[in-house]
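Undergrad: input.cif (mmCIF, C-alpha atoms and all ligand atoms) pasted underneath:
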```cif
data_query
loop_
_atom_site.group_PDB
_atom_site.id
_atom_site.type_symbol
_atom_site.label_atom_id
_atom_site.label_comp_id
_atom_site.auth_asym_id
_atom_site.auth_seq_id
_atom_site.Cartn_x
_atom_site.Cartn_y
_atom_site.Cartn_z
ATOM 1 C CA MET A 1 50.150 -91.851 -19.304
ATOM 2 C CA LYS A 2 47.456 -92.710 -21.836
ATOM 3 C CA CYS A 3 47.278 -95.351 -24.550
ATOM 4 C CA ARG A 4 47.975 -93.875 -27.988
ATOM 5 C CA VAL A 5 45.137 -95.888 -29.489
ATOM 6 C CA CYS A 6 42.234 -95.892 -26.983
ATOM 7 C CA ARG A 7 43.276 -93.143 -24.504
ATOM 8 C CA GLY A 8 42.804 -95.647 -21.639
ATOM 9 C CA PRO A 9 45.464 -96.056 -18.914
ATOM 10 C CA ALA A 10 48.795 -97.109 -20.466
ATOM 11 C CA VAL A 11 50.961 -99.887 -19.046
ATOM 12 C CA ILE A 12 54.111 -99.216 -21.090
ATOM 13 C CA ASP A 13 55.843 -96.370 -22.873
ATOM 14 C CA VAL A 14 57.794 -97.001 -26.067
ATOM 15 C CA PRO A 15 59.907 -93.853 -26.433
ATOM 16 C CA ARG A 16 61.331 -94.710 -29.851
ATOM 17 C CA HIS A 17 57.776 -94.794 -31.235
ATOM 18 C CA ASN A 18 56.870 -91.794 -29.084
ATOM 19 C CA ALA A 19 53.912 -93.877 -27.848
ATOM 20 C CA ASN A 20 52.277 -95.368 -24.762
ATOM 21 C CA PHE A 21 50.020 -98.408 -24.878
ATOM 22 C CA CYS A 22 47.411 -100.152 -22.732
ATOM 23 C CA GLY A 23 47.855 -103.925 -22.407
ATOM 24 C CA ASP A 24 45.606 -104.891 -25.322
ATOM 25 C CA HIS A 25 47.021 -102.321 -27.704
ATOM 26 C CA PHE A 26 50.586 -103.144 -26.675
ATOM 27 C CA VAL A 27 49.963 -106.788 -27.612
ATOM 28 C CA ALA A 28 48.461 -105.603 -30.917
ATOM 29 C CA HIS A 29 51.529 -103.383 -31.463
ATOM 30 C CA CYS A 30 53.881 -106.343 -30.877
ATOM 31 C CA ARG A 31 51.902 -108.492 -33.333
ATOM 32 C CA GLU A 32 52.054 -105.722 -35.930
ATOM 33 C CA GLN A 33 55.808 -105.341 -35.515
ATOM 34 C CA VAL A 34 56.381 -109.090 -35.891
ATOM 35 C CA ALA A 35 54.031 -109.286 -38.883
ATOM 36 C CA LYS A 36 55.901 -106.353 -40.458
ATOM 37 C CA ALA A 37 59.315 -107.975 -39.904
ATOM 38 C CA ILE A 38 58.049 -111.239 -41.417
ATOM 39 C CA ARG A 39 56.472 -109.490 -44.406
ATOM 40 C CA ARG A 40 59.434 -107.215 -45.171
ATOM 41 C CA GLY A 41 61.964 -110.013 -44.863
ATOM 42 C CA ALA A 42 59.780 -112.643 -46.582
ATOM 43 C CA MET A 43 60.605 -114.706 -43.492
ATOM 44 C CA ILE A 44 57.708 -117.164 -43.481
ATOM 45 C CA GLU A 45 55.336 -118.024 -46.312
ATOM 46 C CA PRO A 46 51.767 -119.081 -45.533
ATOM 47 C CA GLY A 47 51.564 -122.815 -44.804
ATOM 48 C CA GLU A 48 55.254 -123.225 -43.948
ATOM 49 C CA ARG A 49 56.014 -125.122 -40.730
ATOM 50 C CA VAL A 50 58.166 -123.199 -38.255
ATOM 51 C CA LEU A 51 60.439 -124.475 -35.477
ATOM 52 C CA VAL A 52 61.033 -121.902 -32.718
ATOM 53 C CA ALA A 53 64.164 -122.155 -30.543
ATOM 54 C CA VAL A 54 62.770 -121.941 -27.012
ATOM 55 C CA SER A 55 65.052 -121.300 -24.041
ATOM 56 C CA GLY A 56 62.368 -120.703 -21.395
ATOM 57 C CA GLY A 57 63.273 -116.994 -21.392
ATOM 58 C CA LYS A 58 61.021 -114.075 -22.266
ATOM 59 C CA ASP A 59 62.077 -113.534 -25.877
ATOM 60 C CA SER A 60 61.663 -117.062 -27.152
ATOM 61 C CA LEU A 61 58.370 -117.680 -25.334
ATOM 62 C CA ALA A 62 57.015 -114.319 -26.529
ATOM 63 C CA LEU A 63 58.058 -115.189 -30.088
ATOM 64 C CA TRP A 64 56.362 -118.591 -29.918
ATOM 65 C CA ASP A 65 53.210 -116.972 -28.522
ATOM 66 C CA LEU A 66 53.212 -114.266 -31.212
ATOM 67 C CA LEU A 67 53.710 -116.740 -34.069
ATOM 68 C CA LEU A 68 50.901 -118.973 -32.799
ATOM 69 C CA ASP A 69 48.596 -115.962 -32.487
ATOM 70 C CA LEU A 70 49.508 -114.807 -35.988
ATOM 71 C CA GLY A 71 48.280 -118.216 -37.184
ATOM 72 C CA TYR A 72 51.571 -119.931 -37.950
ATOM 73 C CA GLU A 73 52.072 -123.641 -37.455
ATOM 74 C CA ALA A 74 54.881 -123.214 -34.930
ATOM 75 C CA ASP A 75 56.483 -125.940 -32.797
ATOM 76 C CA GLY A 76 59.144 -125.297 -30.135
ATOM 77 C CA LEU A 77 62.618 -126.796 -29.695
ATOM 78 C CA TYR A 78 64.140 -126.884 -26.226
ATOM 79 C CA ILE A 79 67.798 -127.846 -25.815
ATOM 80 C CA GLY A 80 68.884 -129.071 -22.363
ATOM 81 C CA LEU A 81 72.320 -127.451 -21.978
ATOM 82 C CA GLY A 82 73.146 -129.037 -18.622
ATOM 83 C CA ILE A 83 73.780 -125.675 -16.936
ATOM 84 C CA GLY A 84 72.717 -126.860 -13.445
ATOM 85 C CA GLU A 85 69.561 -125.447 -11.874
ATOM 86 C CA TYR A 86 69.291 -122.820 -14.602
ATOM 87 C CA SER A 87 68.716 -125.470 -17.261
ATOM 88 C CA ALA A 88 66.427 -127.540 -15.040
ATOM 89 C CA GLU A 89 64.272 -124.512 -14.322
ATOM 90 C CA SER A 90 64.250 -123.059 -17.829
ATOM 91 C CA GLY A 91 63.002 -126.403 -19.173
ATOM 92 C CA THR A 92 59.988 -126.307 -16.860
ATOM 93 C CA TYR A 93 58.948 -122.898 -18.267
ATOM 94 C CA ALA A 94 59.238 -124.124 -21.850
ATOM 95 C CA ARG A 95 57.184 -127.246 -21.062
ATOM 96 C CA ALA A 96 54.555 -125.284 -19.116
ATOM 97 C CA PHE A 97 54.047 -122.873 -22.022
ATOM 98 C CA ALA A 98 53.754 -125.726 -24.510
ATOM 99 C CA ALA A 99 51.191 -127.475 -22.293
ATOM 100 C CA ALA A 100 49.168 -124.282 -21.762
ATOM 101 C CA ARG A 101 49.062 -123.533 -25.492
ATOM 102 C CA GLN A 102 48.704 -127.207 -26.475
ATOM 103 C CA ALA A 103 51.732 -126.716 -28.684
ATOM 104 C CA THR A 104 54.383 -129.271 -29.610
ATOM 105 C CA LEU A 105 57.760 -129.008 -27.858
ATOM 106 C CA VAL A 106 60.642 -131.015 -29.320
ATOM 107 C CA GLU A 107 63.401 -131.678 -26.773
ATOM 108 C CA VAL A 108 67.110 -132.419 -27.178
ATOM 109 C CA ASP A 109 69.408 -133.025 -24.208
ATOM 110 C CA LEU A 110 73.112 -132.358 -24.727
ATOM 111 C CA ARG A 111 74.342 -134.887 -22.185
ATOM 112 C CA ASP A 112 71.807 -137.631 -22.894
ATOM 113 C CA ASP A 113 71.931 -137.271 -26.657
ATOM 114 C CA HIS A 114 75.481 -136.081 -27.334
ATOM 115 C CA GLY A 115 77.500 -137.016 -24.232
ATOM 116 C CA TYR A 116 78.466 -133.565 -22.919
ATOM 117 C CA ASP A 117 77.072 -130.437 -21.277
ATOM 118 C CA ILE A 118 78.071 -126.769 -21.489
ATOM 119 C CA PRO A 119 80.164 -126.550 -18.272
ATOM 120 C CA THR A 120 82.165 -129.589 -19.444
ATOM 121 C CA ALA A 121 82.548 -128.219 -22.977
ATOM 122 C CA ALA A 122 83.788 -124.890 -21.571
ATOM 123 C CA ALA A 123 86.343 -126.679 -19.359
ATOM 124 C CA VAL A 124 87.576 -128.878 -22.205
ATOM 125 C CA THR A 125 87.872 -126.073 -24.768
ATOM 126 C CA GLY A 126 89.218 -123.484 -22.291
ATOM 127 C CA ARG A 127 87.029 -120.807 -23.884
ATOM 128 C CA VAL A 128 84.081 -118.788 -22.523
ATOM 129 C CA PRO A 129 81.034 -121.070 -22.107
ATOM 130 C CA CYS A 130 78.971 -119.036 -24.587
ATOM 131 C CA SER A 131 81.342 -120.109 -27.341
ATOM 132 C CA ALA A 132 80.603 -123.869 -27.090
ATOM 133 C CA CYS A 133 77.013 -123.106 -26.110
ATOM 134 C CA GLY A 134 76.282 -120.898 -29.117
ATOM 135 C CA LEU A 135 77.847 -123.368 -31.497
ATOM 136 C CA SER A 136 75.925 -126.292 -29.968
ATOM 137 C CA LYS A 137 72.609 -124.454 -30.055
ATOM 138 C CA ARG A 138 73.036 -123.307 -33.657
ATOM 139 C CA HIS A 139 73.991 -126.771 -34.821
ATOM 140 C CA LEU A 140 71.273 -128.680 -32.959
ATOM 141 C CA PHE A 141 68.629 -126.166 -33.932
ATOM 142 C CA ASP A 142 69.516 -126.436 -37.628
ATOM 143 C CA ALA A 143 69.672 -130.224 -37.403
ATOM 144 C CA ALA A 144 66.299 -130.453 -35.620
ATOM 145 C CA GLY A 145 64.792 -128.171 -38.259
ATOM 146 C CA ARG A 146 66.152 -130.318 -41.070
ATOM 147 C CA ASP A 147 65.269 -133.640 -39.446
ATOM 148 C CA GLY A 148 61.761 -132.471 -38.513
ATOM 149 C CA GLY A 149 61.016 -131.276 -42.049
ATOM 150 C CA TYR A 150 60.512 -127.635 -41.005
ATOM 151 C CA ALA A 151 60.744 -124.993 -43.742
ATOM 152 C CA VAL A 152 61.834 -122.310 -41.286
ATOM 153 C CA VAL A 153 63.646 -122.105 -37.956
ATOM 154 C CA ALA A 154 63.035 -118.964 -35.881
ATOM 155 C CA THR A 155 65.003 -117.491 -32.988
ATOM 156 C CA GLY A 156 63.965 -114.860 -30.443
ATOM 157 C CA HIS A 157 66.818 -112.421 -31.061
ATOM 158 C CA ASN A 158 65.385 -108.977 -30.380
ATOM 159 C CA LEU A 159 66.477 -105.489 -31.429
ATOM 160 C CA ASP A 160 68.811 -105.157 -28.419
ATOM 161 C CA ASP A 161 70.502 -108.487 -29.200
ATOM 162 C CA GLU A 162 71.060 -107.658 -32.846
ATOM 163 C CA ALA A 163 72.215 -104.093 -32.178
ATOM 164 C CA ALA A 164 74.736 -105.421 -29.596
ATOM 165 C CA VAL A 165 76.085 -108.042 -32.021
ATOM 166 C CA LEU A 166 76.308 -105.405 -34.763
ATOM 167 C CA PHE A 167 78.151 -103.072 -32.385
ATOM 168 C CA GLY A 168 80.705 -105.795 -31.633
ATOM 169 C CA ASN A 169 81.125 -106.679 -35.311
ATOM 170 C CA VAL A 170 81.648 -103.014 -36.205
ATOM 171 C CA LEU A 171 84.140 -102.451 -33.369
ATOM 172 C CA ARG A 172 86.253 -105.250 -34.847
ATOM 173 C CA TRP A 173 85.251 -104.565 -38.480
ATOM 174 C CA ASP A 174 84.518 -108.251 -38.780
ATOM 175 C CA VAL A 175 83.287 -108.227 -42.369
ATOM 176 C CA GLU A 176 82.586 -111.976 -42.497
ATOM 177 C CA TYR A 177 80.248 -111.719 -39.487
ATOM 178 C CA LEU A 178 78.747 -108.447 -40.737
ATOM 179 C CA ALA A 179 77.960 -110.082 -44.079
ATOM 180 C CA ARG A 180 76.106 -112.882 -42.303
ATOM 181 C CA GLN A 181 74.292 -110.681 -39.784
ATOM 182 C CA ARG A 182 70.974 -110.691 -41.548
ATOM 183 C CA PRO A 183 67.565 -111.521 -40.064
ATOM 184 C CA VAL A 184 66.863 -114.011 -42.855
ATOM 185 C CA LEU A 185 69.387 -116.594 -43.984
ATOM 186 C CA PRO A 186 68.257 -118.713 -46.932
ATOM 187 C CA ALA A 187 67.841 -122.492 -46.767
ATOM 188 C CA ARG A 188 70.864 -124.514 -47.920
ATOM 189 C CA ASP A 189 71.950 -128.151 -48.136
ATOM 190 C CA GLY A 190 68.636 -129.371 -46.735
ATOM 191 C CA PHE A 191 68.823 -126.991 -43.752
ATOM 192 C CA PRO A 192 65.829 -124.664 -43.274
ATOM 193 C CA ARG A 193 65.702 -120.899 -43.689
ATOM 194 C CA LYS A 194 66.729 -119.065 -40.478
ATOM 195 C CA VAL A 195 64.732 -116.053 -39.368
ATOM 196 C CA LYS A 196 64.614 -113.502 -36.524
ATOM 197 C CA PRO A 197 61.080 -112.069 -36.373
ATOM 198 C CA LEU A 198 61.652 -109.992 -33.178
ATOM 199 C CA ILE A 199 64.122 -107.518 -34.721
ATOM 200 C CA ARG A 200 61.611 -104.672 -34.473
ATOM 201 C CA LEU A 201 60.975 -105.194 -30.734
ATOM 202 C CA ALA A 202 63.243 -104.313 -27.796
ATOM 203 C CA GLU A 203 64.196 -106.531 -24.863
ATOM 204 C CA ARG A 204 62.212 -104.441 -22.390
ATOM 205 C CA GLU A 205 59.142 -104.755 -24.604
ATOM 206 C CA MET A 206 59.436 -108.540 -24.648
ATOM 207 C CA ALA A 207 59.465 -108.626 -20.847
ATOM 208 C CA ALA A 208 56.375 -106.388 -20.822
ATOM 209 C CA TYR A 209 54.689 -108.582 -23.442
ATOM 210 C CA CYS A 210 55.142 -111.673 -21.252
ATOM 211 C CA VAL A 211 53.745 -109.852 -18.207
ATOM 212 C CA VAL A 212 50.710 -108.599 -20.137
ATOM 213 C CA ARG A 213 50.099 -112.032 -21.692
ATOM 214 C CA GLY A 214 50.632 -113.877 -18.390
ATOM 215 C CA ILE A 215 53.556 -115.904 -19.736
ATOM 216 C CA ASP A 216 55.887 -117.194 -16.994
ATOM 217 C CA TYR A 217 59.533 -117.241 -18.006
ATOM 218 C CA ILE A 218 62.891 -117.770 -16.348
ATOM 219 C CA VAL A 219 64.032 -114.418 -14.966
ATOM 220 C CA GLU A 220 67.414 -115.573 -13.684
ATOM 221 C CA GLU A 221 70.287 -114.869 -15.977
ATOM 222 C CA CYS A 222 72.360 -117.793 -17.211
ATOM 223 C CA PRO A 223 75.122 -118.282 -14.601
ATOM 224 C CA MET A 224 77.643 -118.857 -17.368
ATOM 225 C CA ALA A 225 77.030 -115.535 -19.149
ATOM 226 C CA GLU A 226 80.102 -113.980 -17.464
ATOM 227 C CA GLY A 227 82.613 -112.998 -20.090
ATOM 228 C CA ASN A 228 79.910 -112.528 -22.746
ATOM 229 C CA ARG A 229 80.931 -109.209 -24.290
ATOM 230 C CA HIS A 230 77.477 -108.596 -25.699
ATOM 231 C CA LEU A 231 76.218 -107.769 -22.211
ATOM 232 C CA GLU A 232 78.714 -104.883 -22.079
ATOM 233 C CA TYR A 233 77.717 -103.709 -25.538
ATOM 234 C CA LYS A 234 74.056 -103.752 -24.464
ATOM 235 C CA ASN A 235 74.870 -101.519 -21.496
ATOM 236 C CA VAL A 236 76.636 -99.031 -23.757
ATOM 237 C CA LEU A 237 73.783 -98.990 -26.268
ATOM 238 C CA ASN A 238 71.195 -98.644 -23.484
ATOM 239 C CA ALA A 239 72.960 -95.512 -22.231
ATOM 240 C CA ILE A 240 72.891 -94.041 -25.743
ATOM 241 C CA GLU A 241 69.239 -95.034 -26.210
ATOM 242 C CA VAL A 242 68.200 -93.212 -23.021
ATOM 243 C CA ALA A 243 69.857 -90.025 -24.265
ATOM 244 C CA SER A 244 68.552 -90.465 -27.796
ATOM 245 C CA PRO A 245 65.541 -92.790 -28.183
ATOM 246 C CA GLY A 246 65.471 -94.616 -31.507
ATOM 247 C CA THR A 247 69.255 -94.835 -31.888
ATOM 248 C CA LYS A 248 69.335 -98.634 -31.555
ATOM 249 C CA HIS A 249 66.665 -99.036 -34.212
ATOM 250 C CA ALA A 250 68.408 -96.548 -36.536
ATOM 251 C CA PHE A 251 71.782 -98.255 -35.978
ATOM 252 C CA TYR A 252 70.592 -101.799 -36.694
ATOM 253 C CA HIS A 253 67.898 -101.193 -39.302
ATOM 254 C CA GLY A 254 70.069 -98.569 -41.049
ATOM 255 C CA PHE A 255 72.742 -101.265 -41.341
ATOM 256 C CA LEU A 256 70.220 -103.726 -42.802
ATOM 257 C CA GLU A 257 68.945 -101.227 -45.347
ATOM 258 C CA ARG A 258 72.142 -99.467 -46.379
ATOM 259 C CA LEU A 259 75.190 -101.613 -45.736
ATOM 260 C CA ALA A 260 74.102 -105.268 -45.507
ATOM 261 C CA PRO A 261 73.070 -105.567 -49.208
ATOM 262 C CA ALA A 262 76.442 -104.143 -50.322
ATOM 263 C CA ILE A 263 78.508 -106.667 -48.358
ATOM 264 C CA ALA A 264 76.275 -109.765 -48.604
ATOM 265 C CA ASP A 265 78.645 -111.410 -51.092
ATOM 266 C CA GLN A 266 81.604 -111.118 -48.688
ATOM 267 C CA SER A 267 80.376 -114.083 -46.661
ATOM 268 C CA LEU A 268 82.184 -117.361 -47.310
ATOM 269 C CA ALA A 269 78.854 -119.171 -47.273
ATOM 270 C CA GLU A 270 77.532 -116.858 -50.000
ATOM 271 C CA GLN A 271 80.658 -117.406 -52.067
ATOM 272 C CA GLY A 272 80.066 -121.141 -51.937
ATOM 273 C CA ALA A 273 83.438 -121.566 -50.183
ATOM 274 C CA ILE A 274 81.790 -123.808 -47.615
ATOM 275 C CA GLY A 275 81.539 -127.563 -47.958
ATOM 276 C CA THR A 276 79.719 -130.102 -45.829
ATOM 277 C CA CYS A 277 80.785 -132.002 -42.708
ATOM 278 C CA GLN A 278 81.874 -135.581 -43.429
ATOM 279 C CA ARG A 279 80.092 -136.821 -40.297
ATOM 280 C CA CYS A 280 76.800 -134.917 -40.091
ATOM 281 C CA GLY A 281 76.382 -133.080 -43.409
ATOM 282 C CA ALA A 282 76.277 -129.612 -41.827
ATOM 283 C CA PRO A 283 77.774 -126.705 -43.822
ATOM 284 C CA THR A 284 81.398 -126.134 -42.746
ATOM 285 C CA PRO A 285 84.650 -124.803 -44.236
ATOM 286 C CA ALA A 286 86.515 -127.798 -42.682
ATOM 287 C CA ASP A 287 86.222 -131.558 -43.309
ATOM 288 C CA VAL A 288 84.541 -132.048 -39.944
ATOM 289 C CA CYS A 289 82.277 -129.345 -38.468
ATOM 290 C CA ALA A 290 82.938 -127.565 -35.164
ATOM 291 C CA PHE A 291 80.050 -129.388 -33.468
ATOM 292 C CA CYS A 292 81.302 -132.856 -34.404
ATOM 293 C CA ARG A 293 84.806 -131.864 -33.243
ATOM 294 C CA LEU A 294 83.355 -130.684 -29.908
ATOM 295 C CA VAL A 295 81.491 -133.974 -29.434
ATOM 296 C CA GLU A 296 84.770 -135.782 -30.092
ATOM 297 C CA ARG A 297 86.794 -133.626 -27.676
ATOM 298 C CA THR A 298 84.296 -133.966 -24.816
ATOM 299 C CA ALA A 299 83.656 -137.698 -25.255
ATOM 300 C CA GLY A 300 83.954 -139.606 -21.987
ATOM 301 C CA ARG A 301 84.427 -136.470 -19.837
ATOM 302 C CA ASP A 302 82.544 -136.366 -16.534
ATOM 303 C CA PRO A 303 80.428 -133.273 -15.781
ATOM 304 C CA VAL A 304 82.354 -130.405 -14.109
ATOM 305 C CA PRO A 305 80.905 -128.446 -11.131
ATOM 306 C CA MET A 306 78.618 -125.513 -11.820
ATOM 307 C CA PRO A 307 79.255 -121.872 -10.855
ATOM 308 C CA ILE A 308 76.776 -120.300 -8.393
ATOM 309 C CA PRO A 309 73.831 -118.668 -10.199
ATOM 310 C CA ARG A 310 73.334 -114.944 -9.754
ATOM 311 C CA ARG A 311 70.129 -112.961 -9.929
ATOM 312 C CA ARG A 312 69.339 -110.618 -12.786
ATOM 313 C CA SER A 313 69.862 -107.102 -11.560
ATOM 314 C CA ARG A 314 67.562 -105.182 -13.849
HETATM 315 S S1 LIG B 401 72.812 -120.024 -22.348
HETATM 316 FE FE1 LIG B 401 74.695 -120.467 -23.375
HETATM 317 FE FE2 LIG B 401 73.499 -118.116 -23.294
HETATM 318 FE FE3 LIG B 401 74.409 -119.215 -21.019
HETATM 319 S S2 LIG B 401 76.258 -120.164 -21.805
HETATM 320 FE FE4 LIG B 401 76.114 -118.217 -22.864
HETATM 321 S S3 LIG B 401 75.066 -118.742 -24.757
HETATM 322 S S4 LIG B 401 74.654 -117.101 -21.663
HETATM 323 S S5 LIG B 401 71.977 -117.090 -24.425
HETATM 324 ZN ZN ZN B 402 44.597 -98.964 -25.662
HETATM 325 ZN ZN ZN B 403 79.373 -132.322 -38.248
#
```
Can you dump the structure from the file as structure tokens?

TA:
Amino acid sequence: MKCRVCRGPAVIDVPRHNANFCGDHFVAHCREQVAKAIRRGAMIEPGERVLVAVSGGKDSLALWDLLLDLGYEADGLYIGLGIGEYSAESGTYARAFAAARQATLVEVDLRDDHGYDIPTAAAVTGRVPCSACGLSKRHLFDAAGRDGGYAVVATGHNLDDEAAVLFGNVLRWDVEYLARQRPVLPARDGFPRKVKPLIRLAEREMAAYCVVRGIDYIVEECPMAEGNRHLEYKNVLNAIEVASPGTKHAFYHGFLERLAPAIADQSLAEQGAIGTCQRCGAPTPADVCAFCRLVERTAGRDPVPMPIPRRRSR
């Protein structure tokens, strides 16, 4: 296996590009793909400050690394979710990366700062943990972006993540979610623009990027991911991708090019049907946003016991 660029020994194959790369040229390829996503989506203008949501996992640390190397002024935001050892360990990876790159890491702790953690929120709401977790992360990330004066907030959603979410939205024909599933959401009500610069790179490539760049990340899967349907959708799409490389890219990017523009106005947010939360000012269709209601419902609840973590199998 030889590198497509220099003909030296390759360390990774990227079947959907029909290419193999050595370490250096793979890193260059990843930078090009991120630069292309940013340019095509007008995600970040020169001089704009960026806040990167950092979980301690491969995608978010790779994204932070790539943005810094592309010359962006990028700080990280780490949210302590209170998911036992998993959270304790993931925080150490985020802090170690920040220290190594002399980058700024902003930290928020759910229990210290808002009085609850994810296991408690899941128990109180009776829903899958990812529901309260996703809502908390989105809200705190937006709020930290606004409060820190960042023009842009960036998340490490990769091609596999977005294709899996799209698959789920299509299976249910959830037009509201489909209309909002874009890699760039404009700024509104003082909240920064939201961007996903990794949409041209696959999950496996992000793991390889971290190995090549010597970035340590948390390999264990979140112990509360059980019941997250996107993991099943990823498995289905992976099976299709093996049989037909490039399908994931064609599925997701075809949606962005051909369908997303036609349905953009179907989103409530786009129609202006969304007001602002009476307590925190976040955009919401209700008087009080889902985050503020969650804080209220979990107030005074003691932490609940954690499930036993399991190892990532792939
Ligand atoms: S951290 Fe939170 Fe994820 Fe764990 S509880 Fe679900 S959403 S799986 S990315
Ligand atoms: Zn090479
Ligand atoms: Zn609110």

Undergrad: Using 8 Å as the limit and counting all atoms listed in the file, can you tabulate each residue of chain A that touches ligand LIG 401 (chain B), with its shortest atom-to-atom distance in Å and the two atoms involved, as a tab-separated table?

TA:
```
residue	atom	partner	partner_atom	distance
A:Leu81	CA	B:LIG401	S1	7.5
A:Ile83	CA	B:LIG401	FE3	7.7
A:Ile118	CA	B:LIG401	S2	6.9
A:Val128	CA	B:LIG401	S2	8.0
A:Pro129	CA	B:LIG401	S2	4.9
A:Cys130	CA	B:LIG401	FE4	3.4
A:Ser131	CA	B:LIG401	S3	6.9
A:Ala132	CA	B:LIG401	FE1	7.8
A:Cys133	CA	B:LIG401	FE1	4.5
A:Gly134	CA	B:LIG401	S3	5.0
A:Glu221	CA	B:LIG401	S4	7.5
A:Cys222	CA	B:LIG401	FE3	4.6
A:Pro223	CA	B:LIG401	FE3	6.5
A:Met224	CA	B:LIG401	S2	4.8
A:Ala225	CA	B:LIG401	S4	3.8
A:Glu226	CA	B:LIG401	S4	7.6
A:Asn228	CA	B:LIG401	FE4	6.8
```

Undergrad: Pull out every residue that the PyMOL selection byres (((chain A and resi 25-35) around 10) and not hetatm) matches in the shown coordinates and put them as an NGL selection string.

TA: :A and (3-6 or 8 or 10-14 or 19-24 or 36-41 or 43-44 or 62-63 or 65-67 or 69-70 or 196-201 or 205-206 or 208-210 or 212-213)

Undergrad: Suppose you want the space between CA of Ile215 in chain A and CA of Val152 in chain A; what is it in Å?

TA: 24.0 Å

Undergrad: At what distance in Å, to one decimal, does CA of Gly80 in chain A lie from CA of Val108 in chain A?

TA: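 Straight-line distance from CA of Val108 in chain A to CA of Gly80 in chain A works out to 6.1 Å.
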
Undergrad: Around ligand ZN 403 (chain B), which protein and nucleic acid residues have at least one atom no more than 12 Å from it, if we count all atoms listed in the file? List them as an MDAnalysis selection string.

TA: chainID A and resid 135:136 138:140 142:143 275:296

Undergrad: Generate the output file for the selected residues, C-alpha atoms, as a compact mmCIF listing (two decimals), in the frame of the given file.

TA:
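Output contents, as saved in again.txt:
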```txt
# COMPACT_ATOMS: atom_id res chain seq x y z
CA LEU A 135 77.85 -123.37 -31.50
CA SER A 136 75.92 -126.29 -29.97
CA ARG A 138 73.04 -123.31 -33.66
CA HIS A 139 73.99 -126.77 -34.82
CA LEU A 140 71.27 -128.68 -32.96
CA ASP A 142 69.52 -126.44 -37.63
CA ALA A 143 69.67 -130.22 -37.40
CA GLY A 275 81.54 -127.56 -47.96
CA THR A 276 79.72 -130.10 -45.83
CA CYS A 277 80.78 -132.00 -42.71
CA GLN A 278 81.87 -135.58 -43.43
CA ARG A 279 80.09 -136.82 -40.30
CA CYS A 280 76.80 -134.92 -40.09
CA GLY A 281 76.38 -133.08 -43.41
CA ALA A 282 76.28 -129.61 -41.83
CA PRO A 283 77.77 -126.70 -43.82
CA THR A 284 81.40 -126.13 -42.75
CA PRO A 285 84.65 -124.80 -44.24
CA ALA A 286 86.52 -127.80 -42.68
CA ASP A 287 86.22 -131.56 -43.31
CA VAL A 288 84.54 -132.05 -39.94
CA CYS A 289 82.28 -129.34 -38.47
CA ALA A 290 82.94 -127.56 -35.16
CA PHE A 291 80.05 -129.39 -33.47
CA CYS A 292 81.30 -132.86 -34.40
CA ARG A 293 84.81 -131.86 -33.24
CA LEU A 294 83.36 -130.68 -29.91
CA VAL A 295 81.49 -133.97 -29.43
CA GLU A 296 84.77 -135.78 -30.09
```

Undergrad: Between A:Met1, A:Val106, A:Val54, A:Ala264, which is the closest to ligand ZN 402 (chain B) once you count only C-alpha atoms and all ligand atoms?

TA: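 Checking each of A:Met1, A:Val106, A:Val54, A:Ala264 against ligand ZN 402 (chain B), counting only C-alpha atoms and all ligand atoms, the winner is A:Met1.
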
Undergrad: What does the distance between CA of Leu178 in chain A and CA of Asn158 in chain A come to in Å, to one decimal place?

TA: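 CA of Asn158 in chain A lies at a distance of 16.9 Å from CA of Leu178 in chain A.
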
Undergrad: Return the padded bounding box of range 123-127 of chain A as lines of an AutoDock Vina configuration file: axis-aligned, built from all atoms listed in the file, 5 Å added on each side, with centre and edge lengths in Å to one decimal.

TA:
```
center_x = 87.8
center_y = -124.8
center_z = -22.1
size_x = 12.9
size_y = 18.1
size_z = 15.4
```

Undergrad: When you count only C-alpha atoms, which of these residues is closest to Gly156 in chain A: A:Tyr217, A:Arg16, A:Ser267, A:Val195?

TA: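 When distances to Gly156 in chain A are compared using only C-alpha atoms, the smallest one comes from A:Val195.
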
Undergrad: Quick one: contact table of range 129-153 of chain A to range 185-193 of chain A, 9 Å max, nearest atom pair and distance in Å to one decimal per residue, counting all atoms listed in the file, chain and number order, as JSON lines?

TA:
```
{"residue": "A:Asp142", "atom": "CA", "partner": "A:Phe191", "partner_atom": "CA", "distance": 6.2}
{"residue": "A:Ala143", "atom": "CA", "partner": "A:Phe191", "partner_atom": "CA", "distance": 7.2}
{"residue": "A:Gly145", "atom": "CA", "partner": "A:Pro192", "partner_atom": "CA", "distance": 6.2}
{"residue": "A:Arg146", "atom": "CA", "partner": "A:Phe191", "partner_atom": "CA", "distance": 5.0}
{"residue": "A:Asp147", "atom": "CA", "partner": "A:Phe191", "partner_atom": "CA", "distance": 8.7}
{"residue": "A:Gly149", "atom": "CA", "partner": "A:Pro192", "partner_atom": "CA", "distance": 8.3}
{"residue": "A:Tyr150", "atom": "CA", "partner": "A:Pro192", "partner_atom": "CA", "distance": 6.5}
{"residue": "A:Ala151", "atom": "CA", "partner": "A:Pro192", "partner_atom": "CA", "distance": 5.1}
{"residue": "A:Val152", "atom": "CA", "partner": "A:Arg193", "partner_atom": "CA", "distance": 4.8}
{"residue": "A:Val153", "atom": "CA", "partner": "A:Arg193", "partner_atom": "CA", "distance": 6.2}
```

Undergrad: Counting only C-alpha atoms and all ligand atoms, figure out which residue out of A:Leu105, A:Val124, A:Tyr72, A:Arg7 gets nearest to ligand ZN 402 (chain B).

TA: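 Closest to ligand ZN 402 (chain B) of all the choices is A:Arg7.
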
Undergrad: Pick the closest to Thr298 in chain A from A:Val219, A:Ala74, A:Ala98, A:Ala121: which is it, counting all atoms listed in the file?

TA: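 The shortest atom-to-atom distance to Thr298 in chain A comes from A:Ala121.
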